[in-house]
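Have a look at the structure below, then the notes.
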Amino acid sequence: MVDDQAIVITGIGALSALGTGFAEISENLLAGRSGIRAVEDLDVAEHPCRIAGQLTLPACPPQYDAASYDRLFPLDRCVLSCCVQALLDAGIWGRRQDPRIGLVLGMAAEWMSHWDFDARRGVSLLRDATPPRRATIDTTREALDLTGPSLSVAAACASGNHALAHAGHWLRMGWVDFCLAGACDMGVTPYSLASFGNLRALSRRNEQPCAAVRPFDCDRDGMVLGEGGAMFVLQRADRARAEGREVYAEVASVGMTSDAHHLVTPSPDTTHATAAVRQALEAARVAPEEIDYVNAHATGTPVGDPCESRVLQAVLGPHVRRVPVSSTKSMTGHLLGAAAAIEALACLTAIRYGAIPPTINLDHADPECDLHHVANTAREGAVRIAVSNAFGFGGHNTSLVLRGGF
């Protein structure tokens, strides 16, 4: 029997290069389809990486005013769409003005998107006086008439896991009855492509976009940017049970540490990242041998993948030969501030459909990344305990444990 105090997910909304909504994205993840394509609508001729997992924003949700939706900044539309989906899925759309519904939004570097959008329109921060643009969380709260507490979280690639942790805390403290939590990002911009390209962090397989992202593979040459995100409705298990709501999984725990090492390079000392994963497992009372799936942060960079492999080898010990590991960034691209959120969805996919999404393009596993890989094809099998790692720039280490079986 699940503890009444457990925090569970009862609604999902999502967008990515693999589609709209939990069902469509799950189908494409399990089919091993790549969402990486040539970048469109941007002049990328001078960029070393000219491919990405770009998002095509859906039409205005039928529950929302189309004219107002079209006036929103693209990132705001992405967040709004995910929130509307999640509220509808959880069956609380009509109650969204209840002050007991909270909002925790992982955003990472949202102002860079605003600056880039202005630059593409020929607007200069230095010479043009433009009206200040509101923060996305404020726009979202107003657009949805949300009157409960709200918080924006910025922790680089780990922002989504931080958002889920904060939401769980609010629910356990009794401050809210429901909480929307997750993260979105639309980082395929000239600034981002130039910045990550100059860092040599991006793949240069421009002629083979679907084969470009190669986590754990000997031939990996960098990550590829992606866009989208996922928002979840969280509530306590006792309330979900009393209201007869469908439960996707329990948010069993989130472990967190920091490296304090470097702005962009992962620490070669994996002590702190390892501690984050162990902290999550201890809080969830999960032993390494009980893990059914690990969704790795693995981005496909030469340095990052071996570091995370050492973390998993240390945490799993002798069970490293049995616990399946995959990186769904091989299909979605790296969603930056929304990476943890879309990868939590990938874990929910494994739990719901009894199959583990693969790491595609994994043809020759790097001996330094000696793990039990799910390579190229989804693997069927019951998944009750799933772990999702998110190790962000600046040393933001998080690990999320999701528990199924409801």
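Each chain in the structure tokens gets a letter, A, B, ..., in the order shown, and its residues are numbered from 1; ligands are numbered from 1 in order too.
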Taking the DSSP secondary structure from the backbone, can you list the residues of stretch 197-279 of chain A that are strand (DSSP E or B), as a ChimeraX atom specification?
/A:202,217,223,225-236,249-258
Skip A:Glu46 itself and residues of its chain fewer than 2 positions away, then list as a ChimeraX atom specification all residues within 12 Å of it, counting only C-alpha atoms.
/A:42-44,48-50,190,193-194,197-198
Selected residues written out with C-alpha atoms, as a CSV table (one decimal), in the first residue's frame:
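So out37.csv came out as:
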```
chain,number,residue,atom,x,y,z
A,42,LEU,CA,17.4,30.7,-38.8
A,43,ASP,CA,20.5,31.7,-40.8
A,44,VAL,CA,22.9,29.0,-39.6
A,48,PRO,CA,29.5,24.7,-37.0
A,49,CYS,CA,26.3,22.9,-36.0
A,50,ARG,CA,23.3,23.4,-38.2
A,190,PRO,CA,21.7,31.9,-33.0
A,193,LEU,CA,24.2,27.7,-31.4
A,194,ALA,CA,27.1,30.1,-31.5
A,197,GLY,CA,29.4,25.7,-31.0
A,198,ASN,CA,32.4,27.8,-29.9
```
Using only C-alpha atoms, which residues sit within 10 Å of stretch 10-12 of chain A once same-chain residues fewer than 4 positions away are excluded, as a PyMOL selection string?
chain A and resi 21-23+82-92+178+180-182+230-237+240+245-250+345+348
Mind writing the picked residues with C-alpha atoms as a compact mmCIF listing (two decimals), in the first residue's frame?
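Saved to result15.txt:
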```txt
# COMPACT_ATOMS: atom_id res chain seq x y z
CA GLY A 21 1.52 15.10 -25.39
CA PHE A 22 2.58 12.07 -23.37
CA ALA A 23 1.15 9.41 -25.69
CA CYS A 82 2.18 22.16 -21.57
CA CYS A 83 0.29 23.57 -18.57
CA VAL A 84 -3.09 23.39 -20.30
CA GLN A 85 -2.46 19.77 -21.30
CA ALA A 86 -1.44 18.83 -17.75
CA LEU A 87 -4.40 20.57 -16.09
CA LEU A 88 -6.83 18.89 -18.50
CA ASP A 89 -5.19 15.50 -18.05
CA ALA A 90 -5.47 15.79 -14.27
CA GLY A 91 -9.11 16.86 -14.52
CA ILE A 92 -8.61 20.18 -12.72
CA PHE A 178 -2.19 20.41 -6.35
CA LEU A 180 1.95 22.24 -11.55
CA ALA A 181 5.68 21.60 -11.84
CA GLY A 182 8.17 21.03 -14.63
CA ALA A 230 7.03 18.90 -19.78
CA MET A 231 4.72 20.02 -16.98
CA PHE A 232 3.23 17.68 -14.40
CA VAL A 233 0.35 17.91 -11.93
CA LEU A 234 1.40 16.60 -8.53
CA GLN A 235 -0.77 15.84 -5.51
CA ARG A 236 -0.77 13.67 -2.42
CA ALA A 237 -1.61 10.00 -2.86
CA ALA A 240 -5.65 11.19 -5.62
CA ARG A 245 -7.61 9.94 -10.21
CA GLU A 246 -5.31 8.06 -12.55
CA VAL A 247 -1.76 7.98 -11.18
CA TYR A 248 1.28 7.79 -13.46
CA ALA A 249 3.88 7.30 -10.73
CA GLU A 250 5.11 8.46 -7.35
CA LEU A 345 8.55 11.88 -18.95
CA LEU A 348 7.10 7.60 -16.98
```
Separation of atom CA of A:Ala52 from atom CA of A:Leu105, in Å and rounded to one decimal
23.7 Å
Which residues of stretch 4-92 of chain A come within 7 Å of stretch 314-334 of chain A, and for each one, what is the closest pair of atoms and their distance in Å to one decimal, counting only C-alpha atoms, sorted by chain and residue number, as CSV?
```
residue,atom,partner,partner_atom,distance
A:Ser16,CA,A:Thr332,CA,6.9
A:Ala17,CA,A:Thr332,CA,6.2
A:Leu18,CA,A:Thr332,CA,6.6
A:Arg33,CA,A:Met331,CA,6.2
A:Ser34,CA,A:Met331,CA,4.2
A:Gly35,CA,A:Thr332,CA,5.6
A:Ile36,CA,A:Gly333,CA,6.8
A:Ala52,CA,A:Gly333,CA,6.8
A:Gly53,CA,A:Gly333,CA,5.5
```
If you run DSSP over the backbone, which residues in stretch 175-294 of chain A end up helix (DSSP H, G or I)? Put them as a PyMOL selection string.
chain A and resi 190-198+209-211+237-242+271-284+288-290
For stretch 163-168 of chain A, list every protein, DNA or RNA residue within 12 Å, evaluated using only C-alpha atoms, and leave out those in the same chain fewer than 6 positions away; present the list as JSON, numbers by chain.
{"A": [5, 6, 7, 8, 9, 101, 102, 103, 104, 105, 106, 107, 108, 149, 150, 151, 152, 153, 154, 155, 156, 157, 174, 175, 176, 177, 178, 179, 180, 181, 182, 183, 184, 230, 231, 232, 233, 234, 235, 236, 237, 250, 251, 252, 253, 254, 255, 256, 280, 337, 338, 340, 341, 344, 398, 399, 400, 401, 402]}
Go ahead and save the residues from that selection, with C-alpha atoms, as a compact mmCIF listing (two decimals), in the first residue's frame.
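Below you can see again.txt, which holds the result:
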```
# COMPACT_ATOMS: atom_id res chain seq x y z
CA GLN A 5 1.72 11.18 2.20
CA ALA A 6 3.38 10.04 -1.04
CA ILE A 7 3.52 12.61 -3.84
CA VAL A 8 2.12 11.33 -7.12
CA ILE A 9 1.78 12.55 -10.71
CA ILE A 101 -3.04 25.12 -6.83
CA GLY A 102 0.65 26.00 -7.01
CA LEU A 103 3.04 26.51 -9.91
CA VAL A 104 6.79 25.74 -9.94
CA LEU A 105 8.43 26.43 -13.27
CA GLY A 106 11.98 25.51 -14.25
CA MET A 107 13.22 28.07 -16.77
CA ALA A 108 17.04 28.23 -16.76
CA PRO A 149 1.74 30.32 -4.91
CA SER A 150 4.29 30.31 -7.71
CA LEU A 151 8.04 30.02 -8.09
CA SER A 152 10.53 30.09 -10.96
CA VAL A 153 13.58 27.84 -10.61
CA ALA A 154 16.86 28.18 -12.52
CA ALA A 155 19.35 25.32 -12.11
CA ALA A 156 20.55 24.79 -15.68
CA CYS A 157 19.78 21.28 -17.01
CA GLY A 174 0.12 21.34 3.21
CA TRP A 175 0.52 24.68 1.45
CA VAL A 176 -1.24 23.45 -1.74
CA ASP A 177 -3.54 20.62 -2.80
CA PHE A 178 -2.19 20.41 -6.35
CA CYS A 179 0.98 21.73 -7.93
CA LEU A 180 1.95 22.24 -11.55
CA ALA A 181 5.68 21.60 -11.84
CA GLY A 182 8.17 21.03 -14.63
CA ALA A 183 10.32 22.95 -17.09
CA CYS A 184 10.34 24.28 -20.65
CA ALA A 230 7.03 18.90 -19.78
CA MET A 231 4.72 20.02 -16.98
CA PHE A 232 3.23 17.68 -14.40
CA VAL A 233 0.35 17.91 -11.93
CA LEU A 234 1.40 16.60 -8.53
CA GLN A 235 -0.77 15.84 -5.51
CA ARG A 236 -0.77 13.67 -2.42
CA ALA A 237 -1.61 10.00 -2.86
CA GLU A 250 5.11 8.46 -7.35
CA VAL A 251 7.78 11.16 -7.13
CA ALA A 252 9.65 9.13 -4.55
CA SER A 253 12.63 11.46 -4.04
CA VAL A 254 15.09 13.92 -5.53
CA GLY A 255 18.77 13.99 -4.54
CA MET A 256 20.81 17.18 -4.97
CA ALA A 280 17.94 10.06 -3.91
CA GLY A 337 16.71 23.94 -18.97
CA ALA A 338 13.93 21.46 -19.80
CA ALA A 340 15.26 16.94 -16.65
CA ALA A 341 11.53 17.42 -17.27
CA ALA A 344 11.22 12.40 -16.29
CA THR A 398 20.26 16.00 -9.30
CA SER A 399 18.78 12.52 -9.41
CA LEU A 400 15.05 11.77 -9.47
CA VAL A 401 13.46 8.51 -8.37
CA LEU A 402 10.03 7.64 -9.76
```
Using only C-alpha atoms, which residue out of A:Arg100, A:Ala135, A:Gly228, A:Trp170 lies closest to A:Thr147?
A:Arg100
